[in-house]
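File shown: model.pdb (PDB, C-alpha atoms, pLDDT in the B column).
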ATOM      1  CA  MET A   1     -45.583  14.240 -64.244  1.00 43.00           C
ATOM      2  CA  GLY A   2     -43.075  16.653 -62.672  1.00 45.00           C
ATOM      3  CA  CYS A   3     -45.786  19.296 -62.186  1.00 40.00           C
ATOM      4  CA  ARG A   4     -48.126  16.777 -60.602  1.00 41.00           C
ATOM      5  CA  ALA A   5     -45.401  15.598 -58.227  1.00 39.00           C
ATOM      6  CA  LEU A   6     -44.592  19.196 -57.255  1.00 38.00           C
ATOM      7  CA  CYS A   7     -48.241  19.924 -56.476  1.00 36.00           C
ATOM      8  CA  LEU A   8     -48.588  16.754 -54.402  1.00 35.00           C
ATOM      9  CA  LEU A   9     -45.443  17.667 -52.489  1.00 37.00           C
ATOM     10  CA  LEU A  10     -46.750  21.181 -51.746  1.00 38.00           C
ATOM     11  CA  LEU A  11     -50.146  19.841 -50.710  1.00 38.00           C
ATOM     12  CA  SER A  12     -48.587  17.256 -48.396  1.00 41.00           C
ATOM     13  CA  MET A  13     -46.399  19.920 -46.772  1.00 41.00           C
ATOM     14  CA  LEU A  14     -49.492  21.971 -45.969  1.00 40.00           C
ATOM     15  CA  SER A  15     -51.324  18.969 -44.546  1.00 38.00           C
ATOM     16  CA  PHE A  16     -49.039  18.316 -41.567  1.00 38.00           C
ATOM     17  CA  PRO A  17     -50.770  19.230 -38.300  1.00 37.00           C
ATOM     18  CA  ALA A  18     -49.098  21.876 -36.195  1.00 35.00           C
ATOM     19  CA  SER A  19     -47.557  20.524 -32.996  1.00 38.00           C
ATOM     20  CA  ALA A  20     -48.266  22.222 -29.685  1.00 40.00           C
ATOM     21  CA  SER A  21     -45.342  23.952 -28.085  1.00 90.00           C
ATOM     22  CA  THR A  22     -44.844  24.310 -24.348  1.00 92.00           C
ATOM     23  CA  LEU A  23     -42.614  26.283 -22.018  1.00 95.00           C
ATOM     24  CA  VAL A  24     -41.742  25.204 -18.472  1.00 96.00           C
ATOM     25  CA  THR A  25     -42.806  27.920 -16.015  1.00 96.00           C
ATOM     26  CA  GLY A  26     -42.802  25.949 -12.774  1.00 96.00           C
ATOM     27  CA  LEU A  27     -43.060  22.650 -10.965  1.00 96.00           C
ATOM     28  CA  ILE A  28     -45.495  20.853  -8.679  1.00 97.00           C
ATOM     29  CA  SER A  29     -44.080  18.047  -6.549  1.00 96.00           C
ATOM     30  CA  TYR A  30     -45.193  15.693  -3.799  1.00 96.00           C
ATOM     31  CA  ASP A  31     -42.503  15.665  -1.115  1.00 95.00           C
ATOM     32  CA  VAL A  32     -41.676  14.328   2.333  1.00 93.00           C
ATOM     33  CA  VAL A  33     -41.702  17.169   4.888  1.00 89.00           C
ATOM     34  CA  ILE A  34     -41.493  15.181   8.121  1.00 88.00           C
ATOM     35  CA  PRO A  35     -40.493  11.516   7.727  1.00 87.00           C
ATOM     36  CA  ALA A  36     -42.801   8.937   9.291  1.00 80.00           C
ATOM     37  CA  GLY A  37     -41.294   7.501  12.456  1.00 78.00           C
ATOM     38  CA  THR A  38     -43.076   6.609  15.654  1.00 69.00           C
ATOM     39  CA  ALA A  39     -45.867   9.002  14.636  1.00 79.00           C
ATOM     40  CA  PRO A  40     -47.313   9.656  11.180  1.00 83.00           C
ATOM     41  CA  GLY A  41     -45.141  11.940   9.117  1.00 89.00           C
ATOM     42  CA  VAL A  42     -46.165  14.830   6.927  1.00 93.00           C
ATOM     43  CA  ASP A  43     -46.028  14.896   3.134  1.00 94.00           C
ATOM     44  CA  ALA A  44     -46.771  18.008   1.121  1.00 95.00           C
ATOM     45  CA  LEU A  45     -47.569  19.298  -2.319  1.00 96.00           C
ATOM     46  CA  ASP A  46     -45.066  22.007  -3.247  1.00 96.00           C
ATOM     47  CA  ILE A  47     -45.677  24.473  -6.047  1.00 96.00           C
ATOM     48  CA  PHE A  48     -42.848  26.472  -7.619  1.00 97.00           C
ATOM     49  CA  ASN A  49     -43.184  29.422 -10.016  1.00 97.00           C
ATOM     50  CA  PHE A  50     -39.963  29.442 -12.072  1.00 96.00           C
ATOM     51  CA  THR A  51     -40.210  32.872 -13.710  1.00 96.00           C
ATOM     52  CA  GLY A  52     -38.078  35.974 -13.345  1.00 95.00           C
ATOM     53  CA  PRO A  53     -34.310  36.426 -12.985  1.00 96.00           C
ATOM     54  CA  ALA A  54     -34.039  34.791  -9.537  1.00 95.00           C
ATOM     55  CA  TYR A  55     -36.089  31.628 -10.194  1.00 95.00           C
ATOM     56  CA  GLY A  56     -36.252  31.370 -13.996  1.00 94.00           C
ATOM     57  CA  PRO A  57     -32.936  29.509 -14.419  1.00 95.00           C
ATOM     58  CA  PHE A  58     -34.374  26.578 -12.413  1.00 93.00           C
ATOM     59  CA  ALA A  59     -36.720  25.922 -15.373  1.00 92.00           C
ATOM     60  CA  GLY A  60     -33.814  25.366 -17.777  1.00 92.00           C
ATOM     61  CA  THR A  61     -33.114  27.383 -20.890  1.00 91.00           C
ATOM     62  CA  PRO A  62     -34.737  29.305 -22.317  1.00 93.00           C
ATOM     63  CA  TYR A  63     -36.585  30.583 -19.268  1.00 96.00           C
ATOM     64  CA  VAL A  64     -39.013  33.460 -18.651  1.00 96.00           C
ATOM     65  CA  VAL A  65     -36.895  36.487 -17.668  1.00 96.00           C
ATOM     66  CA  ASP A  66     -39.717  38.680 -16.324  1.00 95.00           C
ATOM     67  CA  PRO A  67     -41.486  37.714 -13.081  1.00 96.00           C
ATOM     68  CA  VAL A  68     -44.961  36.443 -14.013  1.00 96.00           C
ATOM     69  CA  ASN A  69     -47.687  35.827 -11.436  1.00 97.00           C
ATOM     70  CA  PHE A  70     -50.118  32.915 -11.734  1.00 97.00           C
ATOM     71  CA  PHE A  71     -53.549  34.235 -10.742  1.00 97.00           C
ATOM     72  CA  ASN A  72     -56.599  32.375  -9.356  1.00 97.00           C
ATOM     73  CA  ALA A  73     -54.563  29.258  -8.575  1.00 97.00           C
ATOM     74  CA  THR A  74     -56.570  26.292  -7.334  1.00 97.00           C
ATOM     75  CA  LEU A  75     -55.226  22.894  -6.318  1.00 97.00           C
ATOM     76  CA  THR A  76     -57.661  19.983  -6.322  1.00 97.00           C
ATOM     77  CA  VAL A  77     -56.341  16.899  -4.524  1.00 97.00           C
ATOM     78  CA  TYR A  78     -58.060  13.571  -5.217  1.00 97.00           C
ATOM     79  CA  LEU A  79     -58.014  11.047  -2.385  1.00 96.00           C
ATOM     80  CA  ALA A  80     -58.079   7.253  -2.488  1.00 94.00           C
ATOM     81  CA  GLY A  81     -61.557   5.896  -1.862  1.00 89.00           C
ATOM     82  CA  GLY A  82     -63.139   8.960  -3.459  1.00 91.00           C
ATOM     83  CA  GLY A  83     -63.457  12.505  -2.315  1.00 93.00           C
ATOM     84  CA  SER A  84     -61.310  15.529  -2.969  1.00 95.00           C
ATOM     85  CA  ASP A  85     -59.772  18.475  -1.174  1.00 94.00           C
ATOM     86  CA  VAL A  86     -59.911  21.815  -2.985  1.00 96.00           C
ATOM     87  CA  GLN A  87     -57.333  24.440  -1.982  1.00 94.00           C
ATOM     88  CA  GLN A  88     -57.918  28.026  -3.193  1.00 96.00           C
ATOM     89  CA  ILE A  89     -54.331  29.282  -3.371  1.00 95.00           C
ATOM     90  CA  GLY A  90     -54.884  32.662  -5.015  1.00 95.00           C
ATOM     91  CA  THR A  91     -51.827  34.282  -6.604  1.00 96.00           C
ATOM     92  CA  LEU A  92     -48.612  32.312  -7.090  1.00 95.00           C
ATOM     93  CA  PHE A  93     -45.674  34.717  -7.084  1.00 96.00           C
ATOM     94  CA  PRO A  94     -42.240  33.684  -8.409  1.00 97.00           C
ATOM     95  CA  GLY A  95     -40.550  31.222  -6.059  1.00 95.00           C
ATOM     96  CA  GLU A  96     -42.050  28.523  -3.817  1.00 93.00           C
ATOM     97  CA  THR A  97     -45.488  28.704  -2.245  1.00 90.00           C
ATOM     98  CA  SER A  98     -46.198  27.431   1.252  1.00 87.00           C
ATOM     99  CA  PRO A  99     -46.372  23.632   1.066  1.00 91.00           C
ATOM    100  CA  ILE A 100     -49.829  22.108   1.399  1.00 93.00           C
ATOM    101  CA  GLY A 101     -49.353  19.329   3.962  1.00 93.00           C
ATOM    102  CA  PHE A 102     -51.100  15.997   4.474  1.00 92.00           C
ATOM    103  CA  PRO A 103     -50.477  13.195   6.981  1.00 92.00           C
ATOM    104  CA  SER A 104     -48.167  10.656   5.335  1.00 90.00           C
ATOM    105  CA  THR A 105     -50.899   8.050   5.797  1.00 90.00           C
ATOM    106  CA  THR A 106     -53.147   9.947   3.335  1.00 92.00           C
ATOM    107  CA  GLN A 107     -53.371   8.223  -0.042  1.00 95.00           C
ATOM    108  CA  ILE A 108     -53.495  10.866  -2.796  1.00 96.00           C
ATOM    109  CA  THR A 109     -54.376   9.463  -6.221  1.00 96.00           C
ATOM    110  CA  SER A 110     -53.746  12.668  -8.194  1.00 97.00           C
ATOM    111  CA  ALA A 111     -53.782  16.445  -8.030  1.00 97.00           C
ATOM    112  CA  VAL A 112     -54.793  19.106 -10.542  1.00 98.00           C
ATOM    113  CA  LEU A 113     -53.423  22.656 -10.491  1.00 97.00           C
ATOM    114  CA  THR A 114     -55.228  25.368 -12.443  1.00 97.00           C
ATOM    115  CA  ALA A 115     -54.199  29.009 -12.772  1.00 97.00           C
ATOM    116  CA  THR A 116     -54.174  31.962 -15.145  1.00 97.00           C
ATOM    117  CA  LEU A 117     -50.939  33.519 -16.394  1.00 96.00           C
ATOM    118  CA  GLY A 118     -50.504  37.185 -15.525  1.00 94.00           C
ATOM    119  CA  GLN A 119     -49.366  37.988 -19.080  1.00 94.00           C
ATOM    120  CA  SER A 120     -49.432  36.238 -22.438  1.00 92.00           C
ATOM    121  CA  ILE A 121     -46.257  37.546 -24.110  1.00 95.00           C
ATOM    122  CA  LEU A 122     -43.313  36.071 -22.242  1.00 95.00           C
ATOM    123  CA  ALA A 123     -39.762  37.375 -22.814  1.00 95.00           C
ATOM    124  CA  LEU A 124     -37.248  34.520 -22.797  1.00 96.00           C
ATOM    125  CA  SER A 125     -33.604  34.334 -21.759  1.00 95.00           C
ATOM    126  CA  ASP A 126     -32.487  33.630 -25.341  1.00 95.00           C
ATOM    127  CA  GLY A 127     -33.930  36.961 -26.546  1.00 94.00           C
ATOM    128  CA  SER A 128     -37.050  35.460 -28.122  1.00 94.00           C
ATOM    129  CA  THR A 129     -40.663  35.728 -26.990  1.00 94.00           C
ATOM    130  CA  PHE A 130     -43.315  33.095 -26.308  1.00 95.00           C
ATOM    131  CA  MET A 131     -47.024  33.729 -26.925  1.00 95.00           C
ATOM    132  CA  ALA A 132     -48.818  31.756 -24.214  1.00 96.00           C
ATOM    133  CA  LEU A 133     -52.410  30.788 -23.638  1.00 95.00           C
ATOM    134  CA  ALA A 134     -53.741  32.343 -20.434  1.00 95.00           C
ATOM    135  CA  ASP A 135     -54.969  29.158 -18.777  1.00 96.00           C
ATOM    136  CA  ILE A 136     -52.653  26.661 -17.113  1.00 96.00           C
ATOM    137  CA  THR A 137     -53.751  23.157 -16.116  1.00 96.00           C
ATOM    138  CA  VAL A 138     -51.328  20.602 -14.660  1.00 97.00           C
ATOM    139  CA  ASP A 139     -52.191  17.003 -13.780  1.00 97.00           C
ATOM    140  CA  LEU A 140     -49.945  15.408 -11.157  1.00 97.00           C
ATOM    141  CA  LEU A 141     -50.316  11.659 -11.598  1.00 97.00           C
ATOM    142  CA  PRO A 142     -48.586   8.721  -9.878  1.00 96.00           C
ATOM    143  CA  SER A 143     -45.434   7.521 -11.621  1.00 94.00           C
ATOM    144  CA  SER A 144     -46.373   3.986 -10.572  1.00 91.00           C
ATOM    145  CA  GLY A 145     -49.226   2.396  -8.645  1.00 90.00           C
ATOM    146  CA  GLY A 146     -52.500   4.026  -7.727  1.00 93.00           C
ATOM    147  CA  ALA A 147     -51.266   6.768  -5.380  1.00 95.00           C
ATOM    148  CA  LEU A 148     -48.660   9.527  -5.414  1.00 96.00           C
ATOM    149  CA  THR A 149     -45.302   8.661  -3.869  1.00 94.00           C
ATOM    150  CA  ALA A 150     -43.714  11.373  -1.714  1.00 94.00           C
ATOM    151  CA  GLY A 151     -40.234  12.322  -2.872  1.00 94.00           C
ATOM    152  CA  VAL A 152     -40.823  10.752  -6.289  1.00 95.00           C
ATOM    153  CA  ASP A 153     -43.794  12.256  -8.106  1.00 96.00           C
ATOM    154  CA  PHE A 154     -43.718  15.671  -9.764  1.00 97.00           C
ATOM    155  CA  ALA A 155     -44.983  17.457 -12.892  1.00 97.00           C
ATOM    156  CA  ALA A 156     -43.792  20.483 -14.841  1.00 96.00           C
ATOM    157  CA  ILE A 157     -46.056  23.514 -14.975  1.00 96.00           C
ATOM    158  CA  ASP A 158     -46.112  24.239 -18.693  1.00 96.00           C
ATOM    159  CA  ALA A 159     -47.440  27.270 -20.493  1.00 96.00           C
ATOM    160  CA  GLN A 160     -49.017  26.279 -23.810  1.00 95.00           C
ATOM    161  CA  SER A 161     -48.280  28.328 -26.909  1.00 93.00           C
ATOM    162  CA  VAL A 162     -51.047  30.073 -28.789  1.00 90.00           C
ATOM    163  CA  PRO A 163     -51.843  27.811 -31.762  1.00 83.00           C
ATOM    164  CA  ALA A 164     -50.751  29.047 -35.173  1.00 70.00           C
ATOM    165  CA  PRO A 165     -53.656  29.966 -37.428  1.00 66.00           C
ATOM    166  CA  VAL A 166     -54.699  27.067 -39.652  1.00 64.00           C
ATOM    167  CA  PRO A 167     -55.584  27.978 -43.235  1.00 63.00           C
ATOM    168  CA  GLU A 168     -59.124  27.316 -44.335  1.00 64.00           C
ATOM    169  CA  PRO A 169     -59.536  24.159 -46.426  1.00 64.00           C
ATOM    170  CA  GLY A 170     -60.428  26.308 -49.432  1.00 63.00           C
ATOM    171  CA  THR A 171     -57.074  28.100 -49.172  1.00 61.00           C
ATOM    172  CA  VAL A 172     -55.172  24.818 -49.014  1.00 59.00           C
ATOM    173  CA  ILE A 173     -56.947  23.590 -52.159  1.00 65.00           C
ATOM    174  CA  LEU A 174     -56.517  26.862 -54.077  1.00 63.00           C
ATOM    175  CA  LEU A 175     -52.741  27.037 -53.545  1.00 65.00           C
ATOM    176  CA  PRO A 176     -51.856  23.927 -55.609  1.00 69.00           C
ATOM    177  CA  LEU A 177     -54.441  24.899 -58.232  1.00 64.00           C
ATOM    178  CA  GLY A 178     -52.808  28.306 -58.552  1.00 66.00           C
ATOM    179  CA  ILE A 179     -49.377  26.707 -58.895  1.00 73.00           C
ATOM    180  CA  LEU A 180     -50.710  24.342 -61.565  1.00 70.00           C
ATOM    181  CA  THR A 181     -52.192  27.264 -63.456  1.00 72.00           C
ATOM    182  CA  MET A 182     -48.919  29.196 -63.335  1.00 69.00           C
ATOM    183  CA  LEU A 183     -46.942  26.152 -64.500  1.00 73.00           C
ATOM    184  CA  ALA A 184     -49.393  25.503 -67.356  1.00 71.00           C
ATOM    185  CA  ARG A 185     -49.147  29.125 -68.520  1.00 73.00           C
ATOM    186  CA  GLY A 186     -45.365  29.007 -68.195  1.00 67.00           C
ATOM    187  CA  ARG A 187     -45.213  26.060 -70.614  1.00 68.00           C
ATOM    188  CA  ARG A 188     -47.124  27.962 -73.276  1.00 61.00           C
TER     189      ARG A 188
END

Represent the supplied structure as structure tokens.
Amino acid sequence: MGCRALCLLLLSMLSFPASASTLVTGLISYDVVIPAGTAPGVDALDIFNFTGPAYGPFAGTPYVVDPVNFFNATLTVYLAGGGSDVQQIGTLFPGETSPIGFPSTTQITSAVLTATLGQSILALSDGSTFMALADITVDLLPSSGGALTAGVDFAAIDAQSVPAPVPEPGTVILLPLGILTMLARGRR
């Protein structure tokens, strides 16, 4: 019974799915630029690239120590009542990009930022490295209600880690069988 329990324990340890790991590399926020008064104000989507020694610490620790550009950045803004506004931003360098402004009367239901990381091996401030997938996709959704609220809504720009290789099912089955075989021979 002890051998059977050991094999079940090993098999269950191998069966846990790997969790995705992320690293904050920036921020997208919906902010008030000019408050509404007698005339409509201006709200804007701000995009920040928090990589490199000057801007990396804003991401928290550990942060990316080398400046990393985000290439082919596109911001798609979805408007209430349907329709969208696509902004081809190009390259996002470390720091803040020029805000993309809208009249404060515009109801934005969500925004999606897509980009490609300039490199996949990221050196971190704690001395480790992070293997990142090249593609970045960030959904900026309302924190409440059906539209974004200026000065309230934001989303982290996360780099996703490269998934760890998953063993083939045959390998997972053979491991406990091999352990059983070794235990059976050890008893003889």

With all atoms listed in the file as the basis for distance, which of A:Leu140, A:Ala73, A:Met131, A:Val68 is at the shortest distance from Val86 (chain A)?
A:Ala73

Kindly resolve the PyMOL selection byres ((chain A and resi 44) around 12) on the present coordinates and return the residues as a tab-separated table (two decimals) with C-alpha atoms, keeping the file's coordinate frame.
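expr.tsv, freshly written:
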chain	number	residue	atom	x	y	z
A	28	ILE	CA	-45.50	20.85	-8.68
A	29	SER	CA	-44.08	18.05	-6.55
A	30	TYR	CA	-45.19	15.69	-3.80
A	31	ASP	CA	-42.50	15.66	-1.12
A	32	VAL	CA	-41.68	14.33	2.33
A	33	VAL	CA	-41.70	17.17	4.89
A	34	ILE	CA	-41.49	15.18	8.12
A	35	PRO	CA	-40.49	11.52	7.73
A	41	GLY	CA	-45.14	11.94	9.12
A	42	VAL	CA	-46.16	14.83	6.93
A	43	ASP	CA	-46.03	14.90	3.13
A	45	LEU	CA	-47.57	19.30	-2.32
A	46	ASP	CA	-45.07	22.01	-3.25
A	47	ILE	CA	-45.68	24.47	-6.05
A	77	VAL	CA	-56.34	16.90	-4.52
A	97	THR	CA	-45.49	28.70	-2.24
A	98	SER	CA	-46.20	27.43	1.25
A	99	PRO	CA	-46.37	23.63	1.07
A	100	ILE	CA	-49.83	22.11	1.40
A	101	GLY	CA	-49.35	19.33	3.96
A	102	PHE	CA	-51.10	16.00	4.47
A	103	PRO	CA	-50.48	13.20	6.98
A	104	SER	CA	-48.17	10.66	5.34
A	105	THR	CA	-50.90	8.05	5.80
A	106	THR	CA	-53.15	9.95	3.34
A	107	GLN	CA	-53.37	8.22	-0.04
A	108	ILE	CA	-53.50	10.87	-2.80
A	111	ALA	CA	-53.78	16.44	-8.03
A	148	LEU	CA	-48.66	9.53	-5.41
A	149	THR	CA	-45.30	8.66	-3.87
A	150	ALA	CA	-43.71	11.37	-1.71
A	151	GLY	CA	-40.23	12.32	-2.87
A	152	VAL	CA	-40.82	10.75	-6.29
A	153	ASP	CA	-43.79	12.26	-8.11
A	154	PHE	CA	-43.72	15.67	-9.76

Enumerate, as an mmCIF file with C-alpha atoms, in the frame of the given file, the residues matched when the PyMOL selection byres ((chain A and resi 114) around 12) is run on the file above.
data_model
loop_
_atom_site.group_PDB
_atom_site.id
_atom_site.type_symbol
_atom_site.label_atom_id
_atom_site.label_comp_id
_atom_site.auth_asym_id
_atom_site.auth_seq_id
_atom_site.Cartn_x
_atom_site.Cartn_y
_atom_site.Cartn_z
ATOM 1 C CA ILE A 28 -45.495 20.853 -8.679
ATOM 2 C CA ILE A 47 -45.677 24.473 -6.047
ATOM 3 C CA PHE A 70 -50.118 32.915 -11.734
ATOM 4 C CA PHE A 71 -53.549 34.235 -10.742
ATOM 5 C CA ASN A 72 -56.599 32.375 -9.356
ATOM 6 C CA ALA A 73 -54.563 29.258 -8.575
ATOM 7 C CA THR A 74 -56.570 26.292 -7.334
ATOM 8 C CA LEU A 75 -55.226 22.894 -6.318
ATOM 9 C CA THR A 76 -57.661 19.983 -6.322
ATOM 10 C CA VAL A 77 -56.341 16.899 -4.524
ATOM 11 C CA VAL A 86 -59.911 21.815 -2.985
ATOM 12 C CA GLN A 87 -57.333 24.440 -1.982
ATOM 13 C CA GLN A 88 -57.918 28.026 -3.193
ATOM 14 C CA ILE A 89 -54.331 29.282 -3.371
ATOM 15 C CA GLY A 90 -54.884 32.662 -5.015
ATOM 16 C CA THR A 91 -51.827 34.282 -6.604
ATOM 17 C CA LEU A 92 -48.612 32.312 -7.090
ATOM 18 C CA ALA A 111 -53.782 16.445 -8.030
ATOM 19 C CA VAL A 112 -54.793 19.106 -10.542
ATOM 20 C CA LEU A 113 -53.423 22.656 -10.491
ATOM 21 C CA ALA A 115 -54.199 29.009 -12.772
ATOM 22 C CA THR A 116 -54.174 31.962 -15.145
ATOM 23 C CA LEU A 117 -50.939 33.519 -16.394
ATOM 24 C CA ALA A 134 -53.741 32.343 -20.434
ATOM 25 C CA ASP A 135 -54.969 29.158 -18.777
ATOM 26 C CA ILE A 136 -52.653 26.661 -17.113
ATOM 27 C CA THR A 137 -53.751 23.157 -16.116
ATOM 28 C CA VAL A 138 -51.328 20.602 -14.660
ATOM 29 C CA ASP A 139 -52.191 17.003 -13.780
ATOM 30 C CA LEU A 140 -49.945 15.408 -11.157
ATOM 31 C CA ILE A 157 -46.056 23.514 -14.975
ATOM 32 C CA ASP A 158 -46.112 24.239 -18.693
ATOM 33 C CA ALA A 159 -47.440 27.270 -20.493
#

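Interatomic distance, CA of Ala36 (chain A) to CA of Asn49 (chain A): 28.2 Å.
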
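Applied to the file shown here, the PyMOL selection byres ((chain A and resi 62) around 8) selects A:Ala59, A:Gly60, A:Thr61, A:Tyr63, A:Val64, A:Leu124, A:Ser125, A:Asp126.
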
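With CA of Ser110 (chain A) on one side and CA of Leu27 (chain A) on the other, the separation reads 14.9 Å.
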
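Note that the spacing between CA of Gly145 (chain A) and CA of Pro40 (chain A) amounts to 21.2 Å.
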
Taking (-58.0, 10.6, -1.2) in the file's coordinates, which residues come within 7 Å, counting all atoms listed in the file, written as a PDB file with C-alpha atoms, in the coordinates of the input?
ATOM      1  CA  TYR A  78     -58.060  13.571  -5.217  1.00 97.00           C
ATOM      2  CA  LEU A  79     -58.014  11.047  -2.385  1.00 96.00           C
ATOM      3  CA  ALA A  80     -58.079   7.253  -2.488  1.00 94.00           C
ATOM      4  CA  GLY A  81     -61.557   5.896  -1.862  1.00 89.00           C
ATOM      5  CA  GLY A  82     -63.139   8.960  -3.459  1.00 91.00           C
ATOM      6  CA  GLY A  83     -63.457  12.505  -2.315  1.00 93.00           C
ATOM      7  CA  SER A  84     -61.310  15.529  -2.969  1.00 95.00           C
ATOM      8  CA  THR A 106     -53.147   9.947   3.335  1.00 92.00           C
ATOM      9  CA  GLN A 107     -53.371   8.223  -0.042  1.00 95.00           C
ATOM     10  CA  ILE A 108     -53.495  10.866  -2.796  1.00 96.00           C
ATOM     11  CA  THR A 109     -54.376   9.463  -6.221  1.00 96.00           C
TER      12      THR A 109
END

Give the centre and edge lengths of an axis-aligned box, in Å to one decimal, that holds all listed atoms of region 130-134 of chain A with 3 Å on each side, as lines of an AutoDock Vina configuration file.
center_x = -48.5
center_y = 32.3
center_z = -23.7
size_x = 16.4
size_y = 8.9
size_z = 12.5
